[in-house]
Amino acid sequence: MYDKMLSITKETFKLTQRQRTNPVFISSFIRENYHFKIWSSSRFPYKKYHWKTKSVPETSKPKKISRQKVPLKVTKEEKSKDVQILKSSEVSKHKIVKRFQKKELTQSTPDIKEPEIELSDIVELSKSTQLQVGDFVDVRRNGRGYIGIITKLSNDPTSTTYKNEILLPNNHLLLTRSDDIVFKITGYAYNKEFNNSKLVLGSPIPENYGKLASDLNKSAQILLHSKTLAFRQLHSQFADELENRKISIKSAARHVFQNGNPTEAQLLSTHMFLFKENIYFMADPMQIETYILRSKRSVNAIIKTLEWIRLRDQRVSDFQEKVTKIIQYIRSIDKKISEPPSFTKGETLPEFTSDDQMFINLVKTFVFTPKNSQSGLEAHLSAILKPLKLYERDFDRECAIQFLKEIGIWAPWENLAVYEETTKLSGHGISKEADKDQEEIINLATNLLDSQPFDTSKNVTSTPASSILIKTEEFLGENDFYPHDICEDIRHDFGDLPVYTIDDPTAHELDDGISIERVNNSSGTESVWVHIHVADPSTYIHPGHKLAKVAHSRVQTVYFPERNYSMLPSYLSKKMFSLGVDGKTRGNYVITFSLRIGDDASLLEYKIRPSIIRNIKILYYDDVDKFLSWDSFSKFKKEIDFVYKQIHYHPHKISLPNNEYKPLPLSGQQDLKDLQKIANIHLKNRGQKGSFNLSLTQGNAALSPFPLYKTQPDTQYPIIFTGLPTIQVNLDKFNYSPARMMVAEFMIMAGRVASIFCSERKIPIIFRTQPKNDEVLSILSNIDEDIKVVPITTMLKIRSLVQPTKTTVEPGPHFSMGITEGYSKVTSPLRRYSDLVVHWQIKASLLNGRLPFSKDELVNNIPYITYFEKEIRRSQTKSNKFWILNLIDRLKANGNLPEITGTIIEEFDKGDRTALIREFGIQGKVIKSTGQIGDIINLKHIMANFQRLS
C-alpha cells in the first residue's frame with residue numbers, strides 16, 4: 001500500500017551544495033576611484049581583485065527609471081515595521097525597508113559605489129521555468145524565511161530586476177532569485193477563493209492577496225503540531241540503511257495524512273517538518289518538491305559525533321591535537337607550485353582512525369548541505385576548530401573546505417562539482433551503488449574485448465535476427481552480449497568508400513564520420529549522396545544489458561576539464577566502438593543515415609542502414625579548415641582573428657597528442673569541399689526558417705595531466721599534495737570554423753533523417769521540438785548572412801521570445817534549429833543514452849521485430865533523462881568556470897594576466913550591466929556601469945589579494 005503512496009527513488013549518495021541557475025563562481029566588482037575589486041561569495045573563500053578602467057568614450061548615460069523595485073537600505077524610521085516570515089516552522093518578525101506605492105521589500109545592502117560584478121552565464125534557467133504567477137512559495141535567503149505569492153517572474157519581459165516578485169503577507173514585495181525558492185504550490189492564488197471571489201487565471205495578483213499566504217501558513221502549522229508523531233516516523237520507515245533516497249513532499253504527505261490527494265496545508269506542513277529536521281532530511285538541490293532522506297548510517301554517525309562534541313568527549317581533543325599537527329606540517333612544506341601535481345601518503349603523520357573519519361565526514365556533510373537548507377552544524381564544528389586558533393575567520397563553509405584541504409583529505413585544487421548529487425559520478429566514495437556499477441561494467445567490458453569479435457570479412461550463417469533481438473530478456477541475460485551480428489542480413493558494406501572523421505586531436509572517442517558518394521542514374525545524370533556514419537555499440541549491447549542499464553542511470557558522459565566520466569566504459573569505446581579502430585582489419589560497425597538534398601535543401605531521398613565502413617580517414621578541424629572555403633565567414637574576420645589569438649596557460653602550454661593527421665590527396669580535399677557546399681545549402685535554408693547562433697564566445701579549459709589524480713575517499717593517512725596541474729584556456733571556435741560548422745550541419749541532417757524515418761513508421765523515439773515564433777523570424781530576416789549570427793544588441797530580445805526546447809515522443813518543428821519535419825539526436829550513442837535508444841528502436845523496425853521501448857515507457861523516461869541532461873550541462877559549465885578562474889588567479893599572481901576587455905551584453909535596473917569578459921569567455925554583472933549593449937569596456941587587472949577555494 002505504501003508503495004503506491006510513496007514515490008521514493010533510490011539515488012547515489014552525493015551530498016552537494018545547492019546547484020544554482022548561475023554557474024559556480026559568484027564574485028563582485030566594486031569601483032573605487034576607477035579601480036575595481038572582485039571577491040567571491042558563498043562558493044569561494046574571500047578574495048579580492050582590483051581592476052582599473054581605461055578611458056573609454058561614453059556613448060550614453062544610464063536611463064533614469066522611476067519607482068523601480070531595487071534593493072534599498074533600511075532606515076531608522078522603518079525599523080518598527082514588521083514583515084511576516086516563515087522560519088523553522090515558526091512565524092517570526094523581520095524589519096522591513098522603505099516602500100513604494102506597492103510596498104516593496106528587498107534584502108538590505110550597504111551603500112555601494114560603482115560598479116559591482118557577479119560572474120555568471122546566460123544559461124538555461126532551471127527553476128524559473130517551473131514557476132508560475134500565482135504560486136504560493138517559501139523563500140529561504142541568508143538564513144531567513146519568507147512566504148508569499150508570486151506576482152511576476154524573473155523572465156517576464158517587463159521585469160527590470162530579473163528577479164521573481166513575491167507578494168508577502170503584509171502586502172510588501174520581495175525580489176528574489178528562483179534558487180531561493182524551496183517550496184511551491186502551483187497556481188494557489190488562482191485556485192482559492194478570497195473575499196467571496198476567485199481570480200481569473202492569468203489576471204494580475206491584487207496587492208491584498210498576501211493574506212492568502214498567511215492563512216495557509218497558520219493552517220499548516222496547526223497540522224504540523226497535530227501530526228508530530230507520524231512525521232517523526234517517516235525517516236525510520238523509509239530511509240535506506242546505506243544509501244540516500246529521495247522522497248517527494250506529496251508522497252510524504254500522503255503517508256502522514258493517509259490522504260491520496262493532500263491539501264495545500266498538508267503539503268506545506270510536510271515541507272515545514274522536512275526542512276526543519278535537517279539531520280534526517282535535506283532539501284533536494286534542484287527539485288523544490290523533493291527531499292533527500294539521509295541514510296540511516298549517516299544519521300546515526302551524525303548524531304553520535306554531535307553527542308561527542310556536546311559531552312566534550314576525549315575523542316574530540318584527540319582529533320584536535322592530531323589535525324593541529326597535520327596542518328602545521330603541511331603548511332611548513334615546500335608546495336613546489338612550479339612542478340606538476342604529485343601526492344604522497346603522509347605516513348610519518350598521525351593516521352586517521354574510524355573516530356577521526358566521523359569528524360571528517362561531519363565537516364563534509366556541512367560543506368555539501370545545500371545553500372538554502374539548514375544544517376545546524378556550524379556551532380558544533382566551530383566548537384572543534386575555533387579553539388585551535390588556526391584560522392583568523394569565523395567558522396563557515398569556506399573555512400571548512402580549507403580545513404579539509406589542509407589535513408590532506410582533498411587536493412588544494414579540488415573541484416567540488418564532482419560531489420554533486422545529480423551527476424552520479426563514480427569513484428569518489430559518494431555512492432556504493434555507483435562505485436559497484438563501475439566495477440561491474442569494467443569487468444563486462446574486459447570480457448567483451450577478450451572475446452572474438454564478429455567476423456566482418458565473410459557471411460556467417462546465423463539464427464534469423466528477429467528471433468534473437470529485440471526483447472532480449474527472453475533470450476539473453478543482462479551480462480550476455482549478442483553472440484553474432486543480428487543485422488548481418490541487412491548490413492550494408494561500404495567497402496573502400498572514404499569516411500572522414502573530423503574532430504579535435506584531444507577527442508577521446510570518434511563516434512561519427514561523413515562520406516560523399518556520386519552515383520550515376522539510369523538517365524545518365526549524377527546523384528550525390530551524403531552518408532553520416534555513427535558508431536554502433538548496439539551491435540553488441542542489447543537494451544536489457546547491464547551496460548545499458550548503467551548507461552540509462554548515467555544518462556550521458558560527463559566532461560570535466562580534469563577528467564571524463566564515461567557513460568559506457570571508456571576503453572571499450574576507444575578499443576572497439578570508436579571509428580578507426582582496426583578499420584582496415586575488420587571494419588567498423590555503424591548505423592548510416594544517408595540523404596540527397598535539392599538546391600532548396602528539400603529532402604529528395606533518404607535511407608537508414610546498419611553498415612560496415614573500412615576506409616576511415618582521421619582528420620582534425622584546424623587542418624581541414626586550411627582548405628575549406630571561408631566565404632561565409634568573411635564578415636567575421638575581426639572576431640575570428642581575436643578568437644584564434646586567445647590562448648592562456650600556466651605554467652606552460654599543453655602539448656597536443658601525437659598528430660595522426662596525414663595530408664589528404666586532392667581527391668579527398670575535393671570530397672570535403674563538395675560536402676561543405678551541401679552543408680551550406682542546408683545551413684542557409686535553416687537560417688531562413690528560424691535557425692540562429694548567438695555571438696557569445698565561451699572559454700574552454702583544458703588540464704594536464706589528464707585525467708587528473710582523483711582524491712581517494714576515507715584515506716587512512718593524510719595525503720601530502722605538491723605541485724599544480726597545468727591549466728590552458730582557449731575560446732570556442734565553433735562559430736568561426738568552416739570544418740566545425742560543416743560537421744555540425746551533417747549531424748543535424750542525421751537527426752532530421754532519423755526523425756522523418758521514425759515519424760513515417762510510427763516508431764516512438766525521443767524528439768526535440770520548439771514552437772515557431774514569427775517575431776523572431778522577422779528579426780532574422782534582417783540578417784542576410786548564410787550563418788545567422790544574432791548581434792548582441794538583439795540577443796536578449798530574441799532570447800525572451802523563443803520558448804524552451806521540449807523533449808517529447810511526438811514529432812514537431814524545432815524553430816531555433818530551422819527544422820520543420822522533426823528532429824532527434826542520434827549521432828552520439830557512445831556518450832548519450834537517448835541516442836542509443838533511437839538506434840535500438842530503428843534497428844528493431846528494420847528487422848521487423850518487436851520494439852524494445854513502447855511509447856509509454858519513453859514518456860515515463862523523459863523527465864528523468866531531461867532532468868539529468870540539464871544538471872550535467874550545468875555541472876560541466878561550473879567545472880569549466882572553476883578552472884578558468886583558477887587560471888586567472890595564477891596569471892595574476894605571476895604578473896602575466898593579459899589586458900582584460902568586456903563586452904556589455906545586457907542592461908539591468910540602476911545602470912547594472914552584464915558583460916562578457918572576452919579573453920576568457922566568462923560573463924559578469926557590472927553594477928552601476930555606463931555604456932550600451934555591444935560596447936566594449938577595457939579593464940586592467942592590477943591587484944589580487946585572495947585565496948582560491950573550490
# chains A, B, ... in the order shown; residues from 1 in each chain; ligands from 1
>>> select_by_dssp(residues="stretch 386-516 of chain A", states="alpha helix (DSSP H)", output="ChimeraX atom specification")
/A:397-406,432-450
>>> write_last_selection(atoms="C-alpha atoms", output="CSV table (one decimal), in the first residue's frame")
chain,number,residue,atom,x,y,z
A,397,ARG,CA,31.7,26.8,4.7
A,398,GLU,CA,34.8,28.3,3.1
A,399,CYS,CA,36.8,27.6,6.3
A,400,ALA,CA,35.5,24.0,6.4
A,401,ILE,CA,36.7,23.4,2.8
A,402,GLN,CA,40.1,24.9,3.6
A,403,PHE,CA,40.3,22.7,6.7
A,404,LEU,CA,39.7,19.5,4.6
A,405,LYS,CA,42.4,20.6,2.2
A,406,GLU,CA,44.9,21.4,4.9
A,432,LYS,CA,28.5,2.4,-3.0
A,433,GLU,CA,26.0,1.5,-5.7
A,434,ALA,CA,27.6,3.8,-8.3
A,435,ASP,CA,31.1,2.5,-7.5
A,436,LYS,CA,29.8,-1.1,-7.7
A,437,ASP,CA,28.3,-0.4,-11.1
A,438,GLN,CA,31.6,1.0,-12.3
A,439,GLU,CA,33.5,-2.1,-11.2
A,440,GLU,CA,30.9,-4.5,-12.8
A,441,ILE,CA,30.9,-2.7,-16.2
A,442,ILE,CA,34.7,-2.6,-16.4
A,443,ASN,CA,34.7,-6.4,-15.9
A,444,LEU,CA,32.0,-6.8,-18.6
A,445,ALA,CA,34.0,-4.5,-21.0
A,446,THR,CA,37.1,-6.6,-20.4
A,447,ASN,CA,35.1,-9.8,-21.2
A,448,LEU,CA,33.8,-8.3,-24.5
A,449,LEU,CA,37.3,-7.2,-25.5
A,450,ASP,CA,38.8,-10.6,-24.8
>>> closest_atom_pairs(of="stretch 570-680 of chain A", to="stretch 787-793 of chain A", cutoff="9 Å", atoms="only C-alpha atoms", output="tab-separated table")
residue	atom	partner	partner_atom	distance
A:Ser632	CA	A:Ile787	CA	7.0
A:Phe633	CA	A:Ile787	CA	8.0
A:Asn680	CA	A:Ile787	CA	8.8
>>> atom_distance(atom1="atom CA of A:Ile360", atom2="atom CA of A:Tyr419")
15.4 Å
>>> closest_atom_pairs(of="stretch 834-914 of chain A", to="stretch 794-800 of chain A", cutoff="12 Å", atoms="only C-alpha atoms", output="CSV")
residue,atom,partner,partner_atom,distance
A:Ile904,CA,A:Met795,CA,11.6
A:Ile905,CA,A:Leu796,CA,8.1
A:Glu906,CA,A:Leu796,CA,7.2
A:Glu907,CA,A:Leu796,CA,9.5
A:Phe908,CA,A:Leu796,CA,11.6
A:Thr914,CA,A:Leu796,CA,11.3
>>> closest_residue(among="A:Glu509, A:Glu871, A:Glu165, A:Asp355", to="A:Thr151", atoms="only C-alpha atoms")
A:Glu165
>>> select_by_dssp(residues="stretch 496-602 of chain A", states="strand (DSSP E or B)", output="ChimeraX atom specification")
/A:498-503,512-520,526-535,556,558-559,564-565,588-597
>>> residues_around(residues="A:Pro340", least_positions_apart="2", cutoff="7 Å", atoms="only C-alpha atoms", output="PyMOL selection string")
chain A and resi 338+342+723-725
>>> write_last_selection(atoms="N, CA, C and O atoms", output="mmCIF file, in the first residue's frame")
data_model
loop_
_atom_site.group_PDB
_atom_site.id
_atom_site.type_symbol
_atom_site.label_atom_id
_atom_site.label_comp_id
_atom_site.auth_asym_id
_atom_site.auth_seq_id
_atom_site.Cartn_x
_atom_site.Cartn_y
_atom_site.Cartn_z
ATOM 1 N N SER A 338 55.579 25.216 -9.026
ATOM 2 C CA SER A 338 56.007 25.288 -10.423
ATOM 3 C C SER A 338 56.155 23.901 -11.047
ATOM 4 O O SER A 338 56.454 23.790 -12.233
ATOM 5 N N SER A 342 51.699 16.223 -7.624
ATOM 6 C CA SER A 342 52.090 14.914 -7.099
ATOM 7 C C SER A 342 51.490 14.764 -5.718
ATOM 8 O O SER A 342 51.060 15.741 -5.087
ATOM 9 N N GLY A 723 52.917 20.645 -6.015
ATOM 10 C CA GLY A 723 52.787 20.948 -7.433
ATOM 11 C C GLY A 723 51.385 21.413 -7.795
ATOM 12 O O GLY A 723 50.489 21.489 -6.949
ATOM 13 N N LEU A 724 51.198 21.721 -9.067
ATOM 14 C CA LEU A 724 49.912 22.178 -9.573
ATOM 15 C C LEU A 724 49.682 21.625 -10.977
ATOM 16 O O LEU A 724 50.631 21.495 -11.756
ATOM 17 N N PRO A 725 48.435 21.316 -11.319
ATOM 18 C CA PRO A 725 48.158 20.913 -12.699
ATOM 19 C C PRO A 725 48.293 22.102 -13.642
ATOM 20 O O PRO A 725 48.060 23.248 -13.251
#
>>> closest_residue(among="A:Phe343, A:Phe238, A:Phe593, A:Tyr146", to="A:Asn170", atoms="only C-alpha atoms")
A:Tyr146
>>> closest_residue(among="A:Pro412, A:Gly902, A:Gly580, A:Gly924", to="A:Ile937", atoms="only C-alpha atoms")
A:Gly902
>>> decode(residues="stretch 513-538 of chain A", atoms="C-alpha atoms", output="PDB file, in the first residue's frame")
ATOM      1  CA  GLY A 513      32.155  10.234 -39.840  1.00  0.00           C
ATOM      2  CA  ILE A 514      30.880  11.515 -43.197  1.00  0.00           C
ATOM      3  CA  SER A 515      31.129  10.270 -46.799  1.00  0.00           C
ATOM      4  CA  ILE A 516      30.103  11.552 -50.190  1.00  0.00           C
ATOM      5  CA  GLU A 517      29.023   9.118 -52.886  1.00  0.00           C
ATOM      6  CA  ARG A 518      28.405  10.088 -56.503  1.00  0.00           C
ATOM      7  CA  VAL A 519      26.013   7.708 -58.253  1.00  0.00           C
ATOM      8  CA  ASN A 520      25.157   7.706 -61.965  1.00  0.00           C
ATOM      9  CA  ASN A 521      21.428   7.252 -62.588  1.00  0.00           C
ATOM     10  CA  SER A 522      19.948   5.298 -65.462  1.00  0.00           C
ATOM     11  CA  SER A 523      19.260   8.604 -67.170  1.00  0.00           C
ATOM     12  CA  GLY A 524      22.966   9.400 -67.142  1.00  0.00           C
ATOM     13  CA  THR A 525      22.704  12.167 -64.551  1.00  0.00           C
ATOM     14  CA  GLU A 526      24.727  12.091 -61.351  1.00  0.00           C
ATOM     15  CA  SER A 527      23.132  11.866 -57.932  1.00  0.00           C
ATOM     16  CA  VAL A 528      25.148  12.902 -54.889  1.00  0.00           C
ATOM     17  CA  TRP A 529      24.520  11.059 -51.628  1.00  0.00           C
ATOM     18  CA  VAL A 530      25.781  12.128 -48.233  1.00  0.00           C
ATOM     19  CA  HIS A 531      26.311   9.389 -45.644  1.00  0.00           C
ATOM     20  CA  ILE A 532      26.610  10.134 -41.924  1.00  0.00           C
ATOM     21  CA  HIS A 533      28.113   7.073 -40.237  1.00  0.00           C
ATOM     22  CA  VAL A 534      27.546   6.757 -36.487  1.00  0.00           C
ATOM     23  CA  ALA A 535      29.336   4.309 -34.179  1.00  0.00           C
ATOM     24  CA  ASP A 536      27.050   1.406 -33.264  1.00  0.00           C
ATOM     25  CA  PRO A 537      27.506  -0.014 -29.741  1.00  0.00           C
ATOM     26  CA  SER A 538      24.064  -1.610 -30.124  1.00  0.00           C
TER      27      SER A 538
END
